2 protein chains.
Amino acid sequence: MDVAEAGLRLVLVDDHPVVRAGLRALVESQADLEVVGEARDAAEAEDVVRRTQPDVVLMDLNLGEGPGGAATTARLRGLPEPPQVLVLTTYVTETDIRSALDAGASGYLLKDAPPDELFRGVRAVARGETVLASDVAALLVRRVNSPEPALTEREVQILGLLADGLANKEMARRLLVSEATVKSHLAHIYSKLAVESRAGAVAKAIEQRIIRA
Amino acid sequence: MDVAEAGLRLVLVDDHPVVRAGLRALVESQADLEVVGEARDAAEAEDVVRRTQPDVVLMDLNLGEGPGGAATTARLRGLPEPPQVLVLTTYVTETDIRSALDAGASGYLLKDAPPDELFRGVRAVARGETVLASDVAALLVRRVNSPEPALTEREVQILGLLADGLANKEMARRLLVSEATVKSHLAHIYSKLAVESRAGAVAKAIEQRIIRA
DNA sequence: GATCGCGATAGCCGAACGGATGATGCCGGA
DNA sequence: TCCGGCATCATCCGTTCGGCTATCGCGATC
């Protein structure tokens with residue numbers, strides 16, 4: 001029997017038993033799809049994928065504790081005979097999408113997508129195609145067409161301290177730089193995020209998931 | 001046949017098809033539990049519950065657009081012959097818990113709970129008991145023992161404007177009060193949230209889901 | 001080799017912020 | 001009836017912000 005014609009072998013990675021059961025139930029309603037393994041975190045995922053050699057991995061981005069879905073995707077894609085990874089998550093954020101795609105994901109769908117879209121997505125990534133939910137695609141297009149912020153590592157670091165309510169002087173001490181430097185970074189952050197105050201920057205940074213709430 | 005012995009009739013309310021399928025698959029593995037309806041939003045939920053008269057409703061708190069799970073719970077509990085409502089959600093926040101319980105929910109479990117806990121929870125609320133996930137219970141106990149913040153309506157309003165990056169003067173104009181009043185509210189907010197800057201207040205308010213990200 | 005982005009630094013200055021203190025009116029519970 | 005919480009307003013004052021302008025070293029890009 002030709003493997004390529006025998007149906008697609010899937011592994012599910014999600015920390016919620018309910019979601020895994022749901023995906024399994026939905027997927028197994030399709031004659032050509034088969035769930036060969038489940039994992040609740042990064043370590044389990046790597047183990048299961050090594051053993052079962054699936055065609056496609058359905059990956060949740062938010063895995064609770066430990067490494068997230070993006071990091072896990074990168075690990076899986078680094079294996080010999082790597083599976084295609086289809087990210088299936090709840091939130092749409094530019095940084096989420098970017099990190100997932102950078103990690104080697106072939107698709108990005110949302111959990112509120114109708115089952116049909118999910119099935120089509122699985123088959124498409126198995127064929128080597130790239131699949132994006134329409135919301136996701138729209139967001140990417142919007143970013144490409146408009147001057148994208150793209151904060152530097154240092155700026156993100158500053159945002160983290162900002163959300164902790166630190167004053168410029170405290171941040172400077174924490175980062176071992178002068179207060180002038182902090183202010184300079186802040187000015188860049190404001191400009192990139194299109195805000196004009198620390199409070200606005202914190203809100204927008206959390207909203208865009210640049211920093212965690 | 002005694003209805004009480006014939007098994008429990010459930011309705012699932014969640015905006016994610018995947019989660020509904022998962023709950024259905026899990027629940028129907030139990031001989032004494034039966035899913036008699038599904039809904040993806042508040043309007044559907046009320047309709048389905050009116051028609052099917054279930055014993056227990058499994059309610060997601062985050063229903064995307066429209067009324068949230070807490071508001072929907074309140075509506076369902078206001079019906080004649082109201083069902084027991086078991087909230088099943090992802091995040092644990094004091095305000096979420098409080099609003100759900102205030103709305104008349106009999107239980108609060110997390111989606112990452114093992115299926116067994118879910119089944120036990122369903123049977124317990126059907127018997128009229130109250131069920132709380134251990135994390136949830138711990139959080140409630142902690143709040144009861146420590147002086148709780150409890151922001152006023154006006155303070156929450158101020159927080160919203162704060163997250164938009166408005167200056168005190170702008171907030172004052174927006175709310176038709178003097179700048180001194182705004183500063184007074186801010187001082188109370190800082191004290192209640194245990195922060196000392198606008199940025200910190202915004203971060204904590206979002207973290208505690210007092211305002212939307 | 002010139003240019004560009006990034007991180008770091010500096011000074012200046014007006015505006016905004018945060019703390020402290022105190023006062024008024026209203027409402028509701030003790 | 002008195003007290004406490006809430007919303008409102010006010011003044012003072014020291015500190016902090018945020019905008020502006022400008023410089024410098026470095027690595028990458030062209």
# chains A, B, ... in the order shown; residues from 1 in each chain; ligands from 1
$ select_by_dssp --residues "region 4-199 of chain A" --states "alpha helix (DSSP H)" --output "CSV table (one decimal) with N, CA and C atoms, in the first residue's frame"
chain,number,residue,atom,x,y,z
A,17,PRO,N,-6.8,18.7,27.5
A,17,PRO,CA,-7.4,17.5,27.2
A,17,PRO,C,-8.6,17.6,26.3
A,18,VAL,N,-9.4,18.7,26.7
A,18,VAL,CA,-10.7,18.9,25.9
A,18,VAL,C,-10.4,19.2,24.5
A,19,VAL,N,-9.4,20.0,24.2
A,19,VAL,CA,-9.1,20.4,22.8
A,19,VAL,C,-8.5,19.1,22.1
A,20,ARG,N,-7.7,18.4,22.8
A,20,ARG,CA,-7.2,17.2,22.1
A,20,ARG,C,-8.3,16.2,21.7
A,21,ALA,N,-9.2,16.0,22.7
A,21,ALA,CA,-10.3,15.1,22.4
A,21,ALA,C,-11.2,15.7,21.2
A,22,GLY,N,-11.3,17.0,21.2
A,22,GLY,CA,-12.1,17.6,20.1
A,22,GLY,C,-11.5,17.4,18.8
A,23,LEU,N,-10.2,17.7,18.7
A,23,LEU,CA,-9.5,17.6,17.5
A,23,LEU,C,-9.5,16.1,17.0
A,24,ARG,N,-9.3,15.2,18.0
A,24,ARG,CA,-9.3,13.8,17.6
A,24,ARG,C,-10.7,13.4,17.0
A,25,ALA,N,-11.7,13.8,17.7
A,25,ALA,CA,-13.1,13.5,17.3
A,25,ALA,C,-13.3,14.0,15.9
A,26,LEU,N,-13.0,15.3,15.7
A,26,LEU,CA,-13.2,15.9,14.4
A,26,LEU,C,-12.4,15.2,13.3
A,27,VAL,N,-11.1,15.1,13.6
A,27,VAL,CA,-10.2,14.6,12.6
A,27,VAL,C,-10.6,13.1,12.2
A,42,ALA,N,6.0,20.3,25.2
A,42,ALA,CA,7.1,20.2,24.2
A,42,ALA,C,7.9,18.9,24.3
A,43,ALA,N,8.2,18.4,25.5
A,43,ALA,CA,8.9,17.2,25.6
A,43,ALA,C,8.2,16.0,25.1
A,44,GLU,N,6.9,15.9,25.4
A,44,GLU,CA,6.1,14.8,24.9
A,44,GLU,C,6.0,14.9,23.4
A,45,ALA,N,5.9,16.1,22.9
A,45,ALA,CA,5.7,16.3,21.5
A,45,ALA,C,6.9,15.7,20.7
A,46,GLU,N,8.1,16.1,21.2
A,46,GLU,CA,9.3,15.6,20.5
A,46,GLU,C,9.3,14.1,20.5
A,47,ASP,N,9.0,13.5,21.7
A,47,ASP,CA,9.1,12.1,21.9
A,47,ASP,C,8.1,11.4,20.9
A,48,VAL,N,6.8,11.9,21.0
A,48,VAL,CA,5.8,11.2,20.1
A,48,VAL,C,6.1,11.3,18.7
A,49,VAL,N,6.6,12.5,18.3
A,49,VAL,CA,6.9,12.7,16.8
A,49,VAL,C,8.0,11.8,16.4
A,50,ARG,N,9.0,11.7,17.2
A,50,ARG,CA,10.2,10.8,16.9
A,50,ARG,C,9.7,9.3,16.7
A,51,ARG,N,8.8,8.9,17.6
A,51,ARG,CA,8.3,7.5,17.5
A,51,ARG,C,7.3,7.3,16.4
A,52,THR,N,6.4,8.2,16.1
A,52,THR,CA,5.3,7.9,15.2
A,52,THR,C,5.6,8.5,13.8
A,69,GLY,N,4.7,26.8,21.8
A,69,GLY,CA,4.5,26.1,20.6
A,69,GLY,C,5.4,26.5,19.5
A,70,ALA,N,5.9,27.7,19.5
A,70,ALA,CA,6.8,28.2,18.4
A,70,ALA,C,8.1,27.5,18.6
A,71,ALA,N,8.6,27.5,19.8
A,71,ALA,CA,9.9,26.8,20.1
A,71,ALA,C,9.8,25.3,19.8
A,72,THR,N,8.7,24.7,20.2
A,72,THR,CA,8.5,23.3,19.9
A,72,THR,C,8.4,23.0,18.4
A,73,THR,N,7.8,23.9,17.7
A,73,THR,CA,7.8,23.8,16.2
A,73,THR,C,9.2,23.8,15.6
A,74,ALA,N,10.0,24.7,16.1
A,74,ALA,CA,11.4,24.7,15.6
A,74,ALA,C,12.1,23.4,15.9
A,75,ARG,N,11.9,22.9,17.1
A,75,ARG,CA,12.6,21.6,17.4
A,75,ARG,C,12.1,20.5,16.5
A,76,LEU,N,10.8,20.4,16.3
A,76,LEU,CA,10.3,19.3,15.5
A,76,LEU,C,10.8,19.5,14.1
A,77,ARG,N,10.9,20.7,13.6
A,77,ARG,CA,11.3,20.9,12.2
A,77,ARG,C,12.8,20.6,12.1
A,94,GLU,N,0.6,39.6,15.5
A,94,GLU,CA,1.7,39.6,14.5
A,94,GLU,C,2.9,38.9,15.1
A,95,THR,N,3.3,39.1,16.3
A,95,THR,CA,4.5,38.4,16.8
A,95,THR,C,4.3,36.9,16.9
A,96,ASP,N,3.0,36.5,17.3
A,96,ASP,CA,2.8,35.1,17.3
A,96,ASP,C,2.9,34.5,15.9
A,97,ILE,N,2.3,35.1,14.9
A,97,ILE,CA,2.4,34.6,13.6
A,97,ILE,C,3.8,34.5,13.1
A,98,ARG,N,4.5,35.6,13.3
A,98,ARG,CA,5.9,35.7,12.8
A,98,ARG,C,6.8,34.6,13.5
A,99,SER,N,6.6,34.5,14.8
A,99,SER,CA,7.5,33.5,15.4
A,99,SER,C,7.2,32.1,15.0
A,100,ALA,N,5.9,31.8,14.8
A,100,ALA,CA,5.5,30.5,14.3
A,100,ALA,C,6.0,30.2,12.9
A,101,LEU,N,5.9,31.1,12.0
A,101,LEU,CA,6.3,30.9,10.7
A,101,LEU,C,7.8,30.9,10.6
A,102,ASP,N,8.5,31.7,11.4
A,102,ASP,CA,9.9,31.7,11.5
A,102,ASP,C,10.4,30.3,12.0
A,115,PRO,N,-14.7,23.3,11.1
A,115,PRO,CA,-14.0,22.0,10.9
A,115,PRO,C,-13.5,21.8,9.4
A,116,ASP,N,-14.3,22.2,8.5
A,116,ASP,CA,-14.0,22.0,7.1
A,116,ASP,C,-12.7,22.7,6.8
A,117,GLU,N,-12.5,23.9,7.3
A,117,GLU,CA,-11.3,24.7,7.0
A,117,GLU,C,-10.1,24.0,7.6
A,118,LEU,N,-10.3,23.4,8.8
A,118,LEU,CA,-9.3,22.7,9.4
A,118,LEU,C,-8.8,21.5,8.6
A,119,PHE,N,-9.8,20.7,8.1
A,119,PHE,CA,-9.5,19.5,7.3
A,119,PHE,C,-8.7,19.9,6.0
A,120,ARG,N,-9.2,20.9,5.4
A,120,ARG,CA,-8.6,21.4,4.1
A,120,ARG,C,-7.2,21.8,4.4
A,121,GLY,N,-7.0,22.5,5.6
A,121,GLY,CA,-5.7,23.0,5.9
A,121,GLY,C,-4.7,21.8,6.2
A,122,VAL,N,-5.2,20.8,6.8
A,122,VAL,CA,-4.3,19.7,7.1
A,122,VAL,C,-3.8,19.0,5.8
A,123,ARG,N,-4.8,18.8,4.9
A,123,ARG,CA,-4.4,18.2,3.6
A,123,ARG,C,-3.5,19.1,2.8
A,124,ALA,N,-3.7,20.4,2.9
A,124,ALA,CA,-2.9,21.3,2.1
A,124,ALA,C,-1.4,21.3,2.6
A,125,VAL,N,-1.3,21.4,3.9
A,125,VAL,CA,0.1,21.5,4.4
A,125,VAL,C,0.8,20.1,4.2
A,126,ALA,N,0.0,19.0,4.2
A,126,ALA,CA,0.6,17.7,3.9
A,126,ALA,C,1.2,17.7,2.5
A,134,SER,N,-7.8,33.5,6.9
A,134,SER,CA,-8.0,34.7,6.2
A,134,SER,C,-7.7,35.9,7.1
A,135,ASP,N,-8.0,35.8,8.4
A,135,ASP,CA,-7.7,36.9,9.3
A,135,ASP,C,-6.2,37.1,9.4
A,136,VAL,N,-5.5,35.9,9.5
A,136,VAL,CA,-4.0,36.0,9.6
A,136,VAL,C,-3.4,36.6,8.4
A,137,ALA,N,-3.9,36.1,7.2
A,137,ALA,CA,-3.4,36.6,6.0
A,137,ALA,C,-3.6,38.1,5.9
A,138,ALA,N,-4.8,38.6,6.3
A,138,ALA,CA,-5.1,40.0,6.2
A,138,ALA,C,-4.1,40.8,7.1
A,139,LEU,N,-3.9,40.2,8.2
A,139,LEU,CA,-3.0,40.9,9.2
A,139,LEU,C,-1.6,41.0,8.6
A,140,LEU,N,-1.1,40.0,8.0
A,140,LEU,CA,0.2,40.0,7.4
A,140,LEU,C,0.3,41.0,6.3
A,141,VAL,N,-0.7,41.0,5.4
A,141,VAL,CA,-0.7,41.9,4.3
A,141,VAL,C,-0.7,43.4,4.8
A,142,ARG,N,-1.5,43.6,5.8
A,142,ARG,CA,-1.6,44.9,6.4
A,142,ARG,C,-0.2,45.4,6.9
A,143,ARG,N,0.5,44.5,7.5
A,143,ARG,CA,1.8,44.8,8.0
A,143,ARG,C,2.8,45.1,6.9
A,144,VAL,N,2.7,44.3,5.9
A,144,VAL,CA,3.7,44.5,4.8
A,144,VAL,C,3.5,45.8,4.1
A,145,ASN,N,2.2,46.2,4.0
A,145,ASN,CA,1.9,47.4,3.3
A,145,ASN,C,2.1,48.7,4.1
A,153,GLU,N,15.3,44.1,20.4
A,153,GLU,CA,15.3,43.3,21.6
A,153,GLU,C,15.4,44.3,22.9
A,154,ARG,N,16.2,45.3,22.7
A,154,ARG,CA,16.4,46.2,23.9
A,154,ARG,C,15.1,46.9,24.2
A,155,GLU,N,14.4,47.3,23.1
A,155,GLU,CA,13.2,48.0,23.3
A,155,GLU,C,12.1,47.2,24.0
A,156,VAL,N,12.1,45.9,23.6
A,156,VAL,CA,11.1,45.0,24.2
A,156,VAL,C,11.5,44.9,25.7
A,157,GLN,N,12.8,44.8,26.0
A,157,GLN,CA,13.2,44.7,27.4
A,157,GLN,C,12.8,45.9,28.2
A,158,ILE,N,12.9,47.1,27.6
A,158,ILE,CA,12.5,48.3,28.2
A,158,ILE,C,10.9,48.3,28.5
A,159,LEU,N,10.2,47.8,27.5
A,159,LEU,CA,8.8,47.7,27.7
A,159,LEU,C,8.4,46.8,28.9
A,160,GLY,N,9.2,45.7,29.0
A,160,GLY,CA,8.9,44.9,30.2
A,160,GLY,C,9.0,45.6,31.5
A,161,LEU,N,10.1,46.4,31.6
A,161,LEU,CA,10.3,47.1,32.8
A,161,LEU,C,9.3,48.2,33.0
A,162,LEU,N,8.9,48.8,31.9
A,162,LEU,CA,7.8,49.8,31.9
A,162,LEU,C,6.6,49.2,32.5
A,163,ALA,N,6.2,48.0,32.1
A,163,ALA,CA,5.0,47.4,32.6
A,163,ALA,C,5.1,47.1,34.0
A,168,ASN,N,12.3,55.8,34.8
A,168,ASN,CA,13.5,55.8,33.9
A,168,ASN,C,14.8,55.6,34.7
A,169,LYS,N,14.9,56.2,35.8
A,169,LYS,CA,16.1,56.1,36.6
A,169,LYS,C,16.3,54.6,37.0
A,170,GLU,N,15.2,54.0,37.4
A,170,GLU,CA,15.3,52.6,37.9
A,170,GLU,C,15.7,51.7,36.7
A,171,MET,N,15.1,51.9,35.6
A,171,MET,CA,15.4,51.1,34.4
A,171,MET,C,16.9,51.2,34.1
A,172,ALA,N,17.3,52.5,34.2
A,172,ALA,CA,18.7,52.7,33.8
A,172,ALA,C,19.7,51.9,34.7
A,173,ARG,N,19.3,51.9,36.0
A,173,ARG,CA,20.2,51.2,37.0
A,173,ARG,C,20.1,49.7,36.7
A,174,ARG,N,18.9,49.2,36.4
A,174,ARG,CA,18.6,47.8,36.1
A,174,ARG,C,19.4,47.4,34.9
A,175,LEU,N,19.5,48.2,33.9
A,175,LEU,CA,20.1,47.8,32.6
A,175,LEU,C,21.5,48.3,32.5
A,179,GLU,N,20.4,57.2,32.2
A,179,GLU,CA,19.0,57.5,32.0
A,179,GLU,C,18.7,58.1,30.6
A,180,ALA,N,19.7,58.7,30.1
A,180,ALA,CA,19.5,59.3,28.7
A,180,ALA,C,19.2,58.2,27.7
A,181,THR,N,19.9,57.1,27.9
A,181,THR,CA,19.7,56.0,27.0
A,181,THR,C,18.3,55.4,27.1
A,182,VAL,N,17.9,55.3,28.3
A,182,VAL,CA,16.5,54.8,28.5
A,182,VAL,C,15.5,55.7,27.8
A,183,LYS,N,15.7,57.0,28.0
A,183,LYS,CA,14.8,57.9,27.4
A,183,LYS,C,14.8,57.8,25.9
A,184,SER,N,16.0,57.6,25.4
A,184,SER,CA,16.2,57.5,23.9
A,184,SER,C,15.4,56.2,23.4
A,185,HIS,N,15.5,55.1,24.1
A,185,HIS,CA,14.8,53.9,23.7
A,185,HIS,C,13.3,54.2,23.8
A,186,LEU,N,12.9,54.8,24.9
A,186,LEU,CA,11.4,55.1,25.1
A,186,LEU,C,10.9,55.9,23.9
A,187,ALA,N,11.7,56.9,23.5
A,187,ALA,CA,11.2,57.8,22.4
A,187,ALA,C,11.0,56.9,21.1
A,188,HIS,N,11.9,56.0,20.9
A,188,HIS,CA,11.8,55.1,19.7
A,188,HIS,C,10.6,54.2,19.9
A,189,ILE,N,10.4,53.7,21.1
A,189,ILE,CA,9.2,52.8,21.3
A,189,ILE,C,7.9,53.6,21.0
A,190,TYR,N,7.8,54.8,21.5
A,190,TYR,CA,6.6,55.6,21.3
A,190,TYR,C,6.3,55.8,19.8
A,191,SER,N,7.4,56.1,19.2
A,191,SER,CA,7.2,56.3,17.7
A,191,SER,C,6.8,55.1,17.0
A,192,LYS,N,7.4,53.9,17.3
A,192,LYS,CA,7.1,52.7,16.6
A,192,LYS,C,5.7,52.2,17.0
A,193,LEU,N,5.3,52.4,18.2
A,193,LEU,CA,4.0,51.9,18.6
A,193,LEU,C,2.9,53.0,18.4
A,198,ARG,N,3.8,56.4,28.5
A,198,ARG,CA,4.2,55.1,29.0
A,198,ARG,C,2.9,54.2,29.1
A,199,ALA,N,1.9,54.8,29.6
A,199,ALA,CA,0.7,54.0,29.8
A,199,ALA,C,0.2,53.5,28.5
$ select_by_dssp --residues "region 23-159 of chain B" --states "strand (DSSP E)" --output "ChimeraX atom specification"
/B:33-39,56-59,84-89,107-110,131-132
$ residues_around --residues "DC6 (chain C)" --least-positions-apart "5" --cutoff "10 Å" --atoms "only C-alpha atoms (C1' of nucleotides)" --output "list in words"
Thr152 and Arg154 of chain A; DC26 and DG27 of chain D
$ write_last_selection --atoms "C-alpha atoms (C1' of nucleotides)" --output "mmCIF file, in the first residue's frame"
data_model
loop_
_atom_site.group_PDB
_atom_site.id
_atom_site.type_symbol
_atom_site.label_atom_id
_atom_site.label_comp_id
_atom_site.auth_asym_id
_atom_site.auth_seq_id
_atom_site.Cartn_x
_atom_site.Cartn_y
_atom_site.Cartn_z
ATOM 1 C CA THR A 152 14.457 45.714 18.846
ATOM 2 C CA ARG A 154 16.415 46.177 23.858
ATOM 3 C "C1'" DC D 26 29.959 49.433 15.864
ATOM 4 C "C1'" DG D 27 28.510 45.976 12.702
#
$ closest_atom_pairs --of "chain D" --to "chain A" --cutoff "10 Å" --atoms "only C-alpha atoms (C1' of nucleotides)" --output "CSV"
residue,atom,partner,partner_atom,distance
D:DT16,C1',A:Ala167,CA,7.9
D:DC17,C1',A:Ser197,CA,8.7
D:DG18,C1',A:Ala187,CA,7.8
D:DG19,C1',A:Ala187,CA,8.7
$ interface_residues --of "chain C" --to "chain A" --cutoff "12 Å" --atoms "only C-alpha atoms (C1' of nucleotides)" --output "CSV table (one decimal) with C-alpha atoms (C1' of nucleotides), in the first residue's frame"
chain,number,residue,atom,x,y,z
C,5,DG,C1',20.4,51.0,11.9
C,6,DC,C1',21.2,50.2,16.7
C,7,DG,C1',22.7,51.1,21.2
C,8,DA,C1',24.5,54.4,24.2
C,9,DT,C1',25.2,59.2,25.8
C,10,DA,C1',24.3,64.3,26.8
C,11,DG,C1',21.9,68.8,28.0
C,16,DA,C1',3.0,66.5,33.3
C,17,DC,C1',2.9,63.6,37.1
$ closest_residue --among "B:Val11, B:Met59, B:Ile206, B:Leu86" --to "chain A" --atoms "only C-alpha atoms"
B:Ile206
$ residues_around --residues "Arg212 (chain B)" --least-positions-apart "2" --cutoff "10 Å" --atoms "only C-alpha atoms (C1' of nucleotides)" --output "ChimeraX atom specification"
/A:203,207 /B:160,163,205-210
$ closest_residue --among "B:Arg40, B:Lys204, B:Arg127, B:His16" --to "chain A" --atoms "only C-alpha atoms"
B:His16
